[in-house]
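> I'd like to ask some things about the structure below.
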Amino acid sequence: MKVIPIYIEAGISGFESPAAEYKELRLSLDELLIENPSATFVGLASGESMTGVGIFDGDLLIVDRSITVRNNAVIVANYNGCFVCKHLNKPHAQLISAANNYPPVTITASDDFQIEGVVTRVIRVFEPIRGLAQCMP
Amino acid sequence: MYALVDATSFYASAEKVFDPSIRQKPVVVLTNNDGCICAVCPIAKRLNIPKFGPYFKIKHYLAQHGVVIRSSNYELYADLSERMMTVIARFCDNQQIYSIDECFLQFKAFNSMIDDWHQYGQQIRKAVWRETCLPVGVGFASTVTLAKAANHASKKLSGFDGVAVIDNEQVRQNILKRMKVSEVWGVGSRLSKKMQVMGIITALDLANQDAKHMRRQFSVLVERTINELNGVSCMSWDDVKEPKQEIFSTRSFGHKVTDYNALKSALVSHVNIVARKLRQQNSQAKKLYVFAHSSQHQANYYKQSTMVQFPQATSNSLIMANAVVNALPNIYREGVLFYKCGVGAIELESNQFRQSDLFIPDSNNEKLMACFDAINNRYGQGTLQIATESSVEQWQMKREFLSPRYTTNWREIPRIYC
């Protein structure tokens, strides 16, 4: 439950805070970044194949399962038992990287493939965060 | 209209959500302390793995077939359950969460907007699947007991694709005649044995009994069940969420316990959990059941239990802990390798209707308990303990095959390869 703290004011205090009337809930990153909390999860990016769209090793990816996947969207998918992050080329059924030296991967009928969700935000971790597992080098 | 929505082998399905490498494999989940199998995914069901069988007995069979084994990851299940319930709640006027993986839905204003219930059920399934990656079954009917039966049919009977709607006599009979009486909601194994002797084998047999007559034979609850199976709504919406009439806390030990004090601290921890749950639902217990036993799978099986009656119903952790400590000499026996113990609060009464006793001063000390709960809610359970609980490590759960807590611990979030 979110509570707006209201401080007890003893009768002896001189002046009421002029800002008291304007008190609001503090900004919440969750509220700003996550539109559908029950369909959203956070993952840790690992690898360099998406640097072209600004996804680097060690970034936090916010993934929404409820969003409709547009062509070329940045998605997270299950590709043969692994979560991968790629562009999805729908007409060619291909997973496309956003960096040199990573050729497109064509999805075939024998692959185990499911779209997990759309990457809606990326969080770059400039200073190490205590309490977050660091990515393997 | 009512519906019951529940997840297909929830624990096993939940394990697959963030681990795509096991989605195509048979998966089973073990109970506390990895003792028994408590969930079997549909792929594993095809290998005829029995639910609730002890794990060690079929360990080799599981290894032979490459079955993936997981310990119960309650942190993950609780979070996924909440997500699933939130998605489902969008589809109805009222939702009543009945257990971690099932909820009842009530449709009032929604009724007029839905013309095809079957299609609507599929819509619910699709939304839950897409947003949480969990498979659910949906059963619709005009009473809650029939909705529960429809849900059973949606998953277990041939001819249904995850949704079953009991909206005419033909479907009702078709489903009920293919259900065992023991599978009817509210009919336990004990009742069903008695009914089978009377020739009541299927759910339809039960529905065709004379309700008044059965009331005399059994109870008013059975009468209500029969009426409900015939489409006469008897359970009010509040019955579905009735506070629990019994609260148990039990667990098997990670390592077998022989020490008197170790057993005492385990039992006191259990009673503390029970007392906290009592206070959460604003009730108090008149009696406390305390038990401990050795492993059924070993020679010299020993089981002992005792019932403590309180002079005045209570939910006070300290009073209940004292009762356990006093009862222990009746339960403990030297040389026994204790495998499991627990306590249960029974004959609960609501605070609201509590009778105070003229001759017994109220010893519940609600303020102290409120303070106790407030501290533990704020700083985490176990911050403030009963001193006897102290050596808790000795009996903490064994979870050898635990998966990461993908959604509740930052260190364990899923890795995504780029």
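If you're wondering about the labels, chains in the structure tokens are A, B, ... by order shown, residues count from 1 in each chain, ligands from 1 in order shown.
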Output as a list in words all residues of region 6-71 of chain A that backbone DSSP marks as strand (DSSP E).
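The residues of region 6-71 of chain A classed as strand (DSSP E) are Thr40, Phe41, Val42, Gly43, Leu44, Ala45, Ser46, Leu60, Leu61, Ile62, Val63 and Asp64 of chain A.
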> Please give the complete set of residues from region 152-296 of chain B that DSSP, run on the backbone, assigns to helix (DSSP H, G or I), formatted as a PyMOL selection string.
chain B and resi 152-156+169-177+181-183+189-197+203-207+211-217+220-229+237-240+260-280
> Would you write out, as a tab-separated table, a table of all residues in chain A that have an atom no more than 7 Å from an atom of chain B, listing for each the closest atom pair and the distance in Å to one decimal, considering only C-alpha atoms and ordering rows by chain and rising residue number?

```
residue	atom	partner	partner_atom	distance
A:Ser38	CA	B:Arg83	CA	4.6
A:Ala39	CA	B:Glu131	CA	4.6
A:Phe41	CA	B:Thr407	CA	6.9
A:Val42	CA	B:Ile413	CA	6.7
A:Gly43	CA	B:Pro414	CA	4.9
A:Leu44	CA	B:Arg415	CA	4.8
A:Ala45	CA	B:Ile416	CA	5.0
A:Ser46	CA	B:Tyr417	CA	4.9
A:Gly47	CA	B:Cys418	CA	4.8
A:Glu48	CA	B:Cys418	CA	6.0
A:Ser49	CA	B:Cys418	CA	5.1
A:Met50	CA	B:Cys418	CA	5.9
A:Arg65	CA	B:Glu131	CA	5.1
A:Ser66	CA	B:Glu131	CA	5.2
A:Asn78	CA	B:Pro20	CA	6.2
A:Gly81	CA	B:Ser21	CA	3.7
A:Cys82	CA	B:Pro20	CA	6.0
A:Phe83	CA	B:Ile416	CA	4.9
A:Val84	CA	B:Tyr417	CA	4.5
A:Cys85	CA	B:Cys418	CA	5.1
A:Lys86	CA	B:Cys418	CA	6.8
A:Gly131	CA	B:Arg411	CA	6.3
A:Leu132	CA	B:Arg411	CA	4.8
A:Ala133	CA	B:Arg411	CA	4.6
```
> Using only C-alpha atoms, determine which residues lie at most 10 Å from Val69 (chain A), disregarding the query and same-chain residues fewer than 3 positions distant; provide the list as a PyMOL selection string.
chain A and resi 65-66+72-75+88+90+115+117-119
> Which is closest to Ser252 (chain B) among B:Phe401, B:Phe291, B:Tyr379, B:Tyr98, if we use only C-alpha atoms?
B:Phe291
> Could you name the residues that touch Ser294 (chain B) at 8 Å or less, counting only C-alpha atoms, but leaving out those on the same chain fewer than 2 positions away, as a list of chain:residue names?
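Near Ser294 (chain B), the qualifying residues are B:Ala292, B:Gln296, B:Gln298, B:Tyr301, B:Tyr302, B:Lys303, B:Val336, B:Leu337, B:Phe338, B:Tyr339, B:Lys340.
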> Store the residues of this selection in a file with N, CA and C atoms, as a short mmCIF file (atom, residue, chain, number, x, y, z; two decimals), in the first residue's frame.

```
data_model
loop_
_atom_site.label_atom_id
_atom_site.label_comp_id
_atom_site.auth_asym_id
_atom_site.auth_seq_id
_atom_site.Cartn_x
_atom_site.Cartn_y
_atom_site.Cartn_z
N ALA B 292 4.18 -36.29 15.97
CA ALA B 292 5.50 -36.53 15.39
C ALA B 292 5.56 -38.01 15.04
N GLN B 296 7.57 -43.87 7.47
CA GLN B 296 6.73 -45.04 7.21
C GLN B 296 7.48 -46.11 6.43
N GLN B 298 10.45 -47.14 6.93
CA GLN B 298 11.47 -47.84 7.68
C GLN B 298 10.85 -48.69 8.78
N TYR B 301 8.05 -48.37 12.72
CA TYR B 301 7.33 -47.12 12.53
C TYR B 301 6.71 -46.68 13.85
N TYR B 302 6.99 -45.42 14.21
CA TYR B 302 6.48 -44.90 15.48
C TYR B 302 5.71 -43.63 15.20
N LYS B 303 4.51 -43.54 15.71
CA LYS B 303 3.75 -42.30 15.57
C LYS B 303 3.07 -41.98 16.89
N VAL B 336 13.99 -42.99 18.79
CA VAL B 336 13.21 -42.92 17.55
C VAL B 336 13.84 -41.88 16.62
N LEU B 337 13.97 -42.25 15.34
CA LEU B 337 14.47 -41.30 14.35
C LEU B 337 13.25 -40.55 13.80
N PHE B 338 12.99 -39.38 14.34
CA PHE B 338 11.81 -38.65 13.91
C PHE B 338 11.99 -38.09 12.51
N TYR B 339 10.98 -38.32 11.68
CA TYR B 339 11.06 -37.95 10.27
C TYR B 339 10.19 -36.74 9.99
N LYS B 340 9.10 -36.62 10.73
CA LYS B 340 8.17 -35.53 10.46
C LYS B 340 7.44 -35.13 11.73
#
```
> Val28 (chain B): which residues within 6 Å, counting only C-alpha atoms, same-chain residues fewer than 2 positions away excluded, as a tab-separated table (two decimals) with N, CA and C atoms, in the first residue's frame?

```tsv
chain	number	residue	atom	x	y	z
B	39	ALA	N	4.01	-32.60	-8.15
B	39	ALA	CA	3.47	-32.13	-9.43
B	39	ALA	C	4.18	-32.85	-10.56
B	40	VAL	N	3.39	-33.19	-11.57
B	40	VAL	CA	3.89	-33.95	-12.71
B	40	VAL	C	3.42	-33.24	-13.97
B	69	ILE	N	14.08	-33.03	-12.37
B	69	ILE	CA	13.55	-32.99	-11.01
B	69	ILE	C	13.79	-31.61	-10.41
```
> Could you check which of A:Ile123, A:Ile129, A:Thr108, A:Leu25 is closest to Ile62 (chain A), using only C-alpha atoms?
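Among the listed residues, A:Ile123 lies closest to Ile62 (chain A).
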> Dump as JSON lines the rows for residues of region 58-97 of chain B within 9 Å of region 5-14 of chain B: closest atom pair and distance in Å with one decimal, only C-alpha atoms counted, ordered by chain and rising residue number.

```
{"residue": "B:Arg70", "atom": "CA", "partner": "B:Ala12", "partner_atom": "CA", "distance": 8.3}
{"residue": "B:Ser72", "atom": "CA", "partner": "B:Tyr11", "partner_atom": "CA", "distance": 7.4}
{"residue": "B:Asn73", "atom": "CA", "partner": "B:Tyr11", "partner_atom": "CA", "distance": 8.2}
{"residue": "B:Tyr74", "atom": "CA", "partner": "B:Tyr11", "partner_atom": "CA", "distance": 8.8}
{"residue": "B:Leu76", "atom": "CA", "partner": "B:Ala14", "partner_atom": "CA", "distance": 7.6}
{"residue": "B:Tyr77", "atom": "CA", "partner": "B:Ala14", "partner_atom": "CA", "distance": 6.4}
{"residue": "B:Leu80", "atom": "CA", "partner": "B:Ala14", "partner_atom": "CA", "distance": 7.1}
{"residue": "B:Ser81", "atom": "CA", "partner": "B:Phe10", "partner_atom": "CA", "distance": 8.8}
{"residue": "B:Met84", "atom": "CA", "partner": "B:Ala7", "partner_atom": "CA", "distance": 8.8}
{"residue": "B:Ile88", "atom": "CA", "partner": "B:Val5", "partner_atom": "CA", "distance": 8.2}
```
> Keeping N, CA and C atoms for every residue in the selection just given, could you write it to a file as a compact mmCIF listing (two decimals), in the first residue's frame?

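Generated file (out-v1.txt):
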```
# COMPACT_ATOMS: atom_id res chain seq x y z
N ARG B 70 12.76 -31.08 -9.78
CA ARG B 70 12.90 -29.78 -9.14
C ARG B 70 12.36 -29.83 -7.71
N SER B 72 10.47 -27.73 -4.62
CA SER B 72 9.43 -26.70 -4.64
C SER B 72 10.05 -25.31 -4.47
N ASN B 73 9.84 -24.46 -5.46
CA ASN B 73 10.38 -23.10 -5.43
C ASN B 73 9.22 -22.15 -5.11
N TYR B 74 8.88 -22.09 -3.81
CA TYR B 74 7.67 -21.34 -3.42
C TYR B 74 7.74 -19.87 -3.77
N LEU B 76 9.05 -18.50 -6.41
CA LEU B 76 8.66 -18.38 -7.81
C LEU B 76 7.16 -18.63 -8.00
N TYR B 77 6.66 -19.69 -7.35
CA TYR B 77 5.24 -20.05 -7.55
C TYR B 77 4.32 -18.95 -7.04
N LEU B 80 4.33 -16.10 -9.63
CA LEU B 80 3.62 -16.45 -10.86
C LEU B 80 2.12 -16.58 -10.62
N SER B 81 1.76 -17.10 -9.43
CA SER B 81 0.35 -17.22 -9.08
C SER B 81 -0.31 -15.84 -9.07
N MET B 84 -0.81 -14.62 -12.59
CA MET B 84 -1.89 -15.35 -13.24
C MET B 84 -3.26 -14.86 -12.76
N ILE B 88 -6.43 -13.10 -14.88
CA ILE B 88 -7.76 -13.72 -14.90
C ILE B 88 -8.83 -12.75 -14.39
```
> Skipping near chain neighbours, those fewer than 5 positions away, what residues fall within 9 Å of Ile319 (chain B) using only C-alpha atoms, listed as JSON, numbers by chain?
{"B": [314, 324, 363, 364]}
> Near Leu288 (chain B), counting only C-alpha atoms, which residues have an atom at most 6 Å away, once you skip same-chain residues fewer than 5 positions from it, shown as a ChimeraX atom specification?
/B:307-308,344-345
> Measuring atom to atom with only C-alpha atoms, identify which of A:Pro18, A:Pro37, A:Gly54, A:Pro103 is nearest to Arg124 (chain A).
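Selected residue with least distance to Arg124 (chain A): A:Gly54.
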> Calculate how many Å separate CA of Glu31 (chain A) from CA of Phe56 (chain A), rounding to one decimal.
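Between CA of Glu31 (chain A) and CA of Phe56 (chain A) the gap is 24.1 Å.
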> What gap, in Å, lies between CA of Phe253 (chain B) and CA of Asn33 (chain B)?
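Separation between CA of Phe253 (chain B) and CA of Asn33 (chain B): 7.0 Å.
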> Report, in Å to a single decimal, how far apart CA of Leu134 (chain B) and CA of Leu105 (chain B) are.
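Separation between CA of Leu105 (chain B) and CA of Leu134 (chain B): 18.1 Å.
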> Between B:Leu358, B:Leu4, B:Val240, B:Leu368, which has the minimum distance to Lys155 (chain B) (counting only C-alpha atoms)?
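Residue with the minimum atom-to-atom distance to Lys155 (chain B): B:Leu4.
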